Each structure stands twice: as structure tokens, then as C-alpha cells.
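Asker: Here you go, one structure.
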Amino acid sequence: MAKTMQPQELIDSAVVDPTGNKLGKVGNVYLADATRQPEWITVKTGLFGTKESFVPLSGAHADQDGVHVRVDKDAVSDAPRIEADGHLSMEESAQLYKHYGLPMPRTSPDGRMDDRTQGRGDAGRGKAGMDPGTRADSGRKDRDTEPTMTRSEERLNVGTEQVETGHVRLRKYVVTEEQQVTVPVSHEEVRIEREPITKPGGERAEIAEDEQEVVLHAEKPVVDKETVAVERARLRTETVTEDQTISGKVRKEQFEVTDDEGKHRKS
């Protein structure tokens with residue numbers, strides 16, 4: 001549910017653009033001198049909220065999840081860089097109005113901006129200034145005017161990057177090895193078969209020399225070679241994730257309170 005925007009409640013509130021993107025947190029609230037109503041806010045952006053960009057509150061409303069503004073994230077990121085020192089000059093105000101496409105308020109004869117134009121008040125006036133974060137209905141001391149000290153510390157920002165660690169090559173080469181294969185072979189041998197003649201006189205008998213020749217055969221191993229494909233190999237990379245511990249020295253500031261008696265107390 002939308003609620004009325006009070007300067008003291010806007011500080012550190014989340015700022016949301018029309019598409020739901022969170023732009024950052026409210027750093028300062030600038031009030032119109034004439035109406036004492038919030039007119040501009042600065043949004044803390046950057047990794048640690050070190051940058052502040054001016055964002056108009058025209059058409060904005062505060063809700064439970066933060067301040068919903070009418071400008072988008074890109075417009076805020078490209079906004080003119082103006083020092084959030086509590087005052088906007090005429091030139092600085094004109095830059096902001098032009099950047100966000102807002103009509104410039106008319107000025108009265110004495111050079112002051114007419115707060116009746118478009119209902120924006122003296123949001124851009126420089127000499128009278130606009131105090132960030134002041135309460136319109138309270139005379140108490142604003143918390144931004146109290147003396148403060150900022151404590152800073154260093155932090156390790158750890159990420160990863162891909163680097164080349166080496167090369168792997170796949171090649172093939174020729175080796176010669178001795179192979180032994182057992183092959184069954186056959187050969188012919190001569191054997192005399194004797195057959196008795198049981199009935200003499202059937203064949204002519206004669207004593208003389210005679211000779212017969214038989215051709216013998218044998219098998220011998222024959223070696224032939226052929227080239228065949230037996231295996232295929234390829235190189236492939238795979239990603240293996242492992243944990244590595246990164247250490248580094250960081251500095252940080254500490255607060256120390258010293259009283260009139262010289263006693264120290266760290267915080």
C-alpha cells in the first residue's frame with residue numbers, strides 16, 4: 001500500500017524503477033523551499049554505494065518495498081554527475097530537468113523559480129538551496145548535520161578468469177614388433193604297400209631291374225600383410241571443478257574513543 005513520503009523515512013530506502021529493478025538506496029532527500037516537500041532524491045549506486053545520482057520524485061510513491069519512481073535504471077545511470085552537497089545551482093537543475101525530459105519551472109521577475117509551475121516548487125534554485133533530508137514539520141536538529149565519522153575497510157573481491165595452461169598433442173608413430181602365428185601344414189610321404197600274389201601264373205614273371213617315380217607334395221606357410229583400421233582416438237577436454245583457497249591482506253579502520261583522562265576505548 002502506498003504511503004505519504006516523509007524525508008526522514010526516505011533515507012536508506014530502496015529505490016525501484018517502473019520495471020521493478022532496484023536502483024540502489026536513497027542517500028539524500030532534497031526539499032522544495034516553498035513547499036518543504038521532497039522534490040529530488042539521490043540514489044547510492046556502484047559496487048559499494050559510492051556514487052550518487054539525482055532522481056526526480058515527480059509521480060513517485062513510497063511503498064513497503066521502497067520508493068517507486070517514474071524513471072528507469074538506464075536514465076538514472078546516464079544522469080549528469082552532480083555533487084550532492086546540499087545545493088543545486090540553476091545550471092545543475094537545468095541539466096537534470098533536461099536529462100529526465102521534465103519541463104523547467106518558470107522563474108519569477110526576481111530570478112527565483114516559480115513554485116506554482118507544474119507543482120514542483122523551488123526544486124532547482126541554487127542560492128536559497130535545498131537541504132537534504134530535513135524534516136518539514138520539525139525544528140529538531142537534522143541527523144545529517146550531526147558530526148559523523150565514516151569507517152572504511154577493504155574487502156577481497158574474488159572472481160575467476162580463464163587462462164591458457166598448456167598444450168596437449170595427439171600423434172601416432174610406427175613401431176615394429178615380432179609376431180608368431182602357428183599354421184597347420186601338410187606334406188606327402190612315401191609308403192610301400194605290399195600285396196601278396198596268391199595265384200601265380202596270372203602275370204608274366206621276369207627278373208629285371210625296374211624303376212617308378214612318385215611326385216611328393218607338401219604345404220608351406222605363405223605370409224602376406226594387409227593394413228586394416230583397428231582403433232580411433234580423439235582429444236577432448238572436460239571441465240573439472242575444484243576448490244582453491246585465496247588469501248590476501250586487507251586493511252580496515254577502527255574507531256577509538258578517548259576521554260579527557262586519556263582512557264581509550266576501541267569499537
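Residue numbers start at 1 in each chain; chains themselves are named A, B, ... in the order of the C-alpha cells; ligands are numbered from 1 in the order shown.
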Within 9 Å of Ile82 (chain A), counting only C-alpha atoms, which residues qualify if same-chain residues fewer than 5 places away don't, as a ChimeraX atom specification?
Answerer: /A:52-54,88,92
Asker: Write the residues of the selection above to a file with all heavy atoms, as an mmCIF file, in the first residue's frame.
Answerer:
data_model
loop_
_atom_site.group_PDB
_atom_site.id
_atom_site.type_symbol
_atom_site.label_atom_id
_atom_site.label_comp_id
_atom_site.auth_asym_id
_atom_site.auth_seq_id
_atom_site.Cartn_x
_atom_site.Cartn_y
_atom_site.Cartn_z
ATOM 1 N N GLU A 52 26.415 8.725 -6.284
ATOM 2 C CA GLU A 52 25.058 9.191 -6.035
ATOM 3 C C GLU A 52 24.542 9.873 -7.291
ATOM 4 O O GLU A 52 25.220 10.716 -7.875
ATOM 5 C CB GLU A 52 25.012 10.157 -4.846
ATOM 6 C CG GLU A 52 25.292 9.464 -3.512
ATOM 7 C CD GLU A 52 24.947 10.351 -2.321
ATOM 8 O OE1 GLU A 52 23.784 10.734 -2.193
ATOM 9 O OE2 GLU A 52 25.859 10.667 -1.541
ATOM 10 N N SER A 53 23.346 9.495 -7.705
ATOM 11 C CA SER A 53 22.705 10.084 -8.880
ATOM 12 C C SER A 53 21.394 10.723 -8.449
ATOM 13 O O SER A 53 20.664 10.181 -7.602
ATOM 14 C CB SER A 53 22.435 9.011 -9.943
ATOM 15 O OG SER A 53 23.637 8.397 -10.352
ATOM 16 N N PHE A 54 21.074 11.873 -9.044
ATOM 17 C CA PHE A 54 19.827 12.565 -8.733
ATOM 18 C C PHE A 54 18.669 11.906 -9.479
ATOM 19 O O PHE A 54 18.764 11.605 -10.672
ATOM 20 C CB PHE A 54 19.927 14.038 -9.120
ATOM 21 C CG PHE A 54 20.626 14.880 -8.087
ATOM 22 C CD1 PHE A 54 22.013 14.956 -8.065
ATOM 23 C CD2 PHE A 54 19.903 15.573 -7.134
ATOM 24 C CE1 PHE A 54 22.657 15.723 -7.116
ATOM 25 C CE2 PHE A 54 20.548 16.336 -6.175
ATOM 26 C CZ PHE A 54 21.932 16.416 -6.151
ATOM 27 N N LEU A 88 21.614 22.854 -5.278
ATOM 28 C CA LEU A 88 21.586 22.705 -6.722
ATOM 29 C C LEU A 88 21.613 24.089 -7.346
ATOM 30 O O LEU A 88 20.766 24.930 -7.030
ATOM 31 C CB LEU A 88 20.329 21.967 -7.190
ATOM 32 C CG LEU A 88 20.300 20.443 -7.020
ATOM 33 C CD1 LEU A 88 18.962 19.901 -7.464
ATOM 34 C CD2 LEU A 88 21.424 19.798 -7.797
ATOM 35 N N GLU A 92 22.828 23.336 -12.782
ATOM 36 C CA GLU A 92 22.712 21.917 -12.450
ATOM 37 C C GLU A 92 21.267 21.459 -12.525
ATOM 38 O O GLU A 92 20.950 20.369 -13.021
ATOM 39 C CB GLU A 92 23.279 21.669 -11.058
ATOM 40 C CG GLU A 92 24.781 21.866 -10.973
ATOM 41 C CD GLU A 92 25.282 21.829 -9.541
ATOM 42 O OE1 GLU A 92 24.479 22.060 -8.614
ATOM 43 O OE2 GLU A 92 26.480 21.565 -9.341
#
Asker: Tell me which protein, DNA and RNA residues are within 10 Å of region 68-77 of chain A, counting only C-alpha atoms, leaving out same-chain ones fewer than 2 positions away, and put them as an mmCIF file with N, CA, C and O atoms, in the first residue's frame.
Answerer:
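Result written to around21.cif:
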data_model
loop_
_atom_site.group_PDB
_atom_site.id
_atom_site.type_symbol
_atom_site.label_atom_id
_atom_site.label_comp_id
_atom_site.auth_asym_id
_atom_site.auth_seq_id
_atom_site.Cartn_x
_atom_site.Cartn_y
_atom_site.Cartn_z
ATOM 1 N N ALA A 2 0.603 2.228 -0.857
ATOM 2 C CA ALA A 2 1.388 3.446 -0.929
ATOM 3 C C ALA A 2 1.202 4.274 0.324
ATOM 4 O O ALA A 2 0.139 4.276 0.953
ATOM 5 N N ALA A 14 15.000 1.610 -0.337
ATOM 6 C CA ALA A 14 15.304 1.099 -1.669
ATOM 7 C C ALA A 14 14.575 1.926 -2.720
ATOM 8 O O ALA A 14 13.459 2.387 -2.490
ATOM 9 N N VAL A 15 15.207 2.117 -3.874
ATOM 10 C CA VAL A 15 14.602 2.854 -4.982
ATOM 11 C C VAL A 15 14.343 1.872 -6.115
ATOM 12 O O VAL A 15 15.246 1.152 -6.541
ATOM 13 N N VAL A 16 13.096 1.838 -6.607
ATOM 14 C CA VAL A 16 12.668 0.853 -7.598
ATOM 15 C C VAL A 16 12.166 1.587 -8.835
ATOM 16 O O VAL A 16 11.408 2.548 -8.719
ATOM 17 N N ASP A 17 12.591 1.128 -10.034
ATOM 18 C CA ASP A 17 12.120 1.776 -11.257
ATOM 19 C C ASP A 17 10.827 1.121 -11.733
ATOM 20 O O ASP A 17 10.349 0.142 -11.126
ATOM 21 N N PRO A 18 10.187 1.632 -12.795
ATOM 22 C CA PRO A 18 8.882 1.105 -13.221
ATOM 23 C C PRO A 18 8.883 -0.365 -13.578
ATOM 24 O O PRO A 18 7.849 -1.021 -13.526
ATOM 25 N N THR A 19 10.042 -0.923 -13.968
ATOM 26 C CA THR A 19 10.084 -2.348 -14.333
ATOM 27 C C THR A 19 10.441 -3.250 -13.156
ATOM 28 O O THR A 19 10.617 -4.443 -13.328
ATOM 29 N N GLY A 20 10.596 -2.674 -11.969
ATOM 30 C CA GLY A 20 10.906 -3.476 -10.792
ATOM 31 C C GLY A 20 12.374 -3.609 -10.485
ATOM 32 O O GLY A 20 12.745 -4.302 -9.534
ATOM 33 N N ASN A 21 13.243 -2.960 -11.268
ATOM 34 C CA ASN A 21 14.675 -3.022 -10.981
ATOM 35 C C ASN A 21 15.008 -2.146 -9.783
ATOM 36 O O ASN A 21 14.550 -1.004 -9.694
ATOM 37 N N LYS A 22 15.827 -2.670 -8.884
ATOM 38 C CA LYS A 22 16.266 -1.876 -7.744
ATOM 39 C C LYS A 22 17.476 -1.046 -8.157
ATOM 40 O O LYS A 22 18.495 -1.575 -8.579
ATOM 41 N N LEU A 23 17.347 0.273 -8.034
ATOM 42 C CA LEU A 23 18.400 1.184 -8.469
ATOM 43 C C LEU A 23 19.454 1.411 -7.409
ATOM 44 O O LEU A 23 20.578 1.767 -7.713
ATOM 45 N N GLY A 24 19.121 1.220 -6.155
ATOM 46 C CA GLY A 24 20.043 1.486 -5.055
ATOM 47 C C GLY A 24 19.261 1.965 -3.843
ATOM 48 O O GLY A 24 18.069 1.693 -3.699
ATOM 49 N N THR A 42 18.778 11.511 -4.004
ATOM 50 C CA THR A 42 19.995 10.954 -4.598
ATOM 51 C C THR A 42 20.018 9.465 -4.301
ATOM 52 O O THR A 42 19.677 9.030 -3.200
ATOM 53 N N VAL A 43 20.416 8.697 -5.296
ATOM 54 C CA VAL A 43 20.434 7.236 -5.183
ATOM 55 C C VAL A 43 21.873 6.774 -5.140
ATOM 56 O O VAL A 43 22.685 7.142 -5.999
ATOM 57 N N THR A 45 24.624 4.395 -5.876
ATOM 58 C CA THR A 45 24.868 3.322 -6.838
ATOM 59 C C THR A 45 26.328 2.920 -6.776
ATOM 60 O O THR A 45 27.110 3.463 -6.003
ATOM 61 N N GLY A 46 26.706 1.990 -7.621
ATOM 62 C CA GLY A 46 28.078 1.494 -7.608
ATOM 63 C C GLY A 46 28.207 0.269 -6.737
ATOM 64 O O GLY A 46 27.285 -0.133 -6.013
ATOM 65 N N GLU A 52 26.415 8.725 -6.284
ATOM 66 C CA GLU A 52 25.058 9.191 -6.035
ATOM 67 C C GLU A 52 24.542 9.873 -7.291
ATOM 68 O O GLU A 52 25.220 10.716 -7.875
ATOM 69 N N SER A 53 23.346 9.495 -7.705
ATOM 70 C CA SER A 53 22.705 10.084 -8.880
ATOM 71 C C SER A 53 21.394 10.723 -8.449
ATOM 72 O O SER A 53 20.664 10.181 -7.602
ATOM 73 N N PHE A 54 21.074 11.873 -9.044
ATOM 74 C CA PHE A 54 19.827 12.565 -8.733
ATOM 75 C C PHE A 54 18.669 11.906 -9.479
ATOM 76 O O PHE A 54 18.764 11.605 -10.672
ATOM 77 N N VAL A 55 17.562 11.686 -8.754
ATOM 78 C CA VAL A 55 16.365 11.075 -9.321
ATOM 79 C C VAL A 55 15.170 11.942 -8.941
ATOM 80 O O VAL A 55 15.009 12.301 -7.769
ATOM 81 N N PRO A 56 14.302 12.297 -9.908
ATOM 82 C CA PRO A 56 13.149 13.134 -9.581
ATOM 83 C C PRO A 56 12.070 12.328 -8.858
ATOM 84 O O PRO A 56 11.856 11.149 -9.135
ATOM 85 N N LEU A 57 11.373 12.990 -7.947
ATOM 86 C CA LEU A 57 10.269 12.357 -7.226
ATOM 87 C C LEU A 57 8.925 12.688 -7.852
ATOM 88 O O LEU A 57 7.893 12.332 -7.282
ATOM 89 N N SER A 58 8.932 13.355 -9.009
ATOM 90 C CA SER A 58 7.676 13.673 -9.682
ATOM 91 C C SER A 58 6.965 12.384 -10.073
ATOM 92 O O SER A 58 7.508 11.552 -10.799
ATOM 93 N N GLY A 59 5.753 12.179 -9.562
ATOM 94 C CA GLY A 59 4.985 10.980 -9.855
ATOM 95 C C GLY A 59 5.407 9.760 -9.071
ATOM 96 O O GLY A 59 4.875 8.674 -9.290
ATOM 97 N N ALA A 60 6.370 9.896 -8.149
ATOM 98 C CA ALA A 60 6.844 8.747 -7.375
ATOM 99 C C ALA A 60 5.940 8.517 -6.164
ATOM 100 O O ALA A 60 5.182 9.389 -5.740
ATOM 101 N N HIS A 61 6.023 7.308 -5.617
ATOM 102 C CA HIS A 61 5.295 6.996 -4.394
ATOM 103 C C HIS A 61 6.110 6.016 -3.561
ATOM 104 O O HIS A 61 6.916 5.244 -4.091
ATOM 105 N N ALA A 62 5.907 6.088 -2.252
ATOM 106 C CA ALA A 62 6.609 5.195 -1.331
ATOM 107 C C ALA A 62 5.717 4.021 -0.984
ATOM 108 O O ALA A 62 4.522 4.175 -0.749
ATOM 109 N N ASP A 63 6.301 2.847 -0.959
ATOM 110 C CA ASP A 63 5.574 1.630 -0.615
ATOM 111 C C ASP A 63 6.400 0.843 0.393
ATOM 112 O O ASP A 63 7.480 1.265 0.791
ATOM 113 N N ASP A 65 8.097 -1.798 -0.008
ATOM 114 C CA ASP A 65 9.367 -2.289 -0.523
ATOM 115 C C ASP A 65 10.281 -1.175 -1.005
ATOM 116 O O ASP A 65 11.349 -1.427 -1.551
ATOM 117 N N GLY A 66 9.899 0.091 -0.824
ATOM 118 C CA GLY A 66 10.784 1.179 -1.186
ATOM 119 C C GLY A 66 10.077 2.294 -1.912
ATOM 120 O O GLY A 66 8.845 2.399 -1.904
ATOM 121 N N ALA A 79 22.420 9.812 -15.836
ATOM 122 C CA ALA A 79 22.124 11.155 -15.329
ATOM 123 C C ALA A 79 23.411 11.956 -15.143
ATOM 124 O O ALA A 79 24.475 11.387 -14.874
ATOM 125 N N PRO A 80 23.347 13.279 -15.312
ATOM 126 C CA PRO A 80 24.539 14.109 -15.099
ATOM 127 C C PRO A 80 25.097 13.915 -13.697
ATOM 128 O O PRO A 80 24.347 13.813 -12.724
ATOM 129 N N ARG A 81 26.410 13.819 -13.585
ATOM 130 C CA ARG A 81 27.071 13.645 -12.298
ATOM 131 C C ARG A 81 27.178 14.993 -11.594
ATOM 132 O O ARG A 81 27.941 15.865 -12.004
ATOM 133 N N HIS A 99 17.711 16.258 -18.807
ATOM 134 C CA HIS A 99 18.038 14.836 -18.939
ATOM 135 C C HIS A 99 16.805 13.960 -18.766
ATOM 136 O O HIS A 99 16.603 13.003 -19.530
ATOM 137 N N TYR A 100 15.969 14.269 -17.777
ATOM 138 C CA TYR A 100 14.804 13.432 -17.499
ATOM 139 C C TYR A 100 13.584 13.839 -18.316
ATOM 140 O O TYR A 100 12.508 13.261 -18.156
#
Asker: Could you please write out, as a list in words, every residue of region 52-115 of chain A that DSSP assigns to helix (DSSP H, G or I)?
Answerer: Lys73, Asp74, Ala75, Val76, Ser77, Met90, Glu91, Glu92, Ser93, Ala94, Gln95, Leu96, Tyr97, Lys98 and His99 of chain A
Asker: CA of Glu153 (chain A) and CA of Asp78 (chain A) are how many Å apart?
Answerer: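 According to the coordinates, CA of Glu153 (chain A) and CA of Asp78 (chain A) are separated by 28.5 Å.
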Asker: Within 12 Å of Leu170 (chain A), counting only C-alpha atoms, which residues qualify if same-chain residues fewer than 4 places away don't, as a ChimeraX atom specification?
Answerer: /A:232-236
Asker: Write a file of the selected residues as a PDB file, in the first residue's frame, keeping C-alpha atoms.
Answerer:
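This is the output file selection-v5.pdb:
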ATOM      1  CA  ARG A 232      40.094 -44.370 -33.497  1.00  0.00           C
ATOM      2  CA  ALA A 233      41.264 -41.764 -30.951  1.00  0.00           C
ATOM      3  CA  ARG A 234      40.435 -38.103 -30.425  1.00  0.00           C
ATOM      4  CA  LEU A 235      41.347 -35.391 -27.913  1.00  0.00           C
ATOM      5  CA  ARG A 236      38.527 -33.949 -25.845  1.00  0.00           C
TER       6      ARG A 236
END
Asker: Have a look at CA of Pro38 (chain A) and CA of Arg151 (chain A) and let me know their distance in Å, one decimal.
Answerer: 28.9 Å
Asker: Using Å and a single decimal, report how far CA of Val230 (chain A) sits from CA of Val181 (chain A).
Answerer: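 Pair CA of Val181 (chain A) / CA of Val230 (chain A) returns 19.0 Å.
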Asker: Excluding Gly27 (chain A) and residues on its chain fewer than 5 positions from it, collect all residues at most 9 Å away from it, counting only C-alpha atoms, and give them as a PyMOL selection string.
Answerer: chain A and resi 10-13+41-44+52+132-133
Asker: From the set A:Val168, A:Met149, A:Leu216, A:Leu102, which residue has the shortest atom-to-atom contact distance to Glu253 (chain A), counting only C-alpha atoms?
Answerer: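 With only C-alpha atoms as the atom set, the closest residue is A:Met149.
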Asker: From the list A:Lys98, A:Lys25, A:Arg155, A:Arg36, which residue is nearest Arg251 (chain A) when using only C-alpha atoms?
Answerer: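 Of all the options, A:Arg155 lies closest to Arg251 (chain A).
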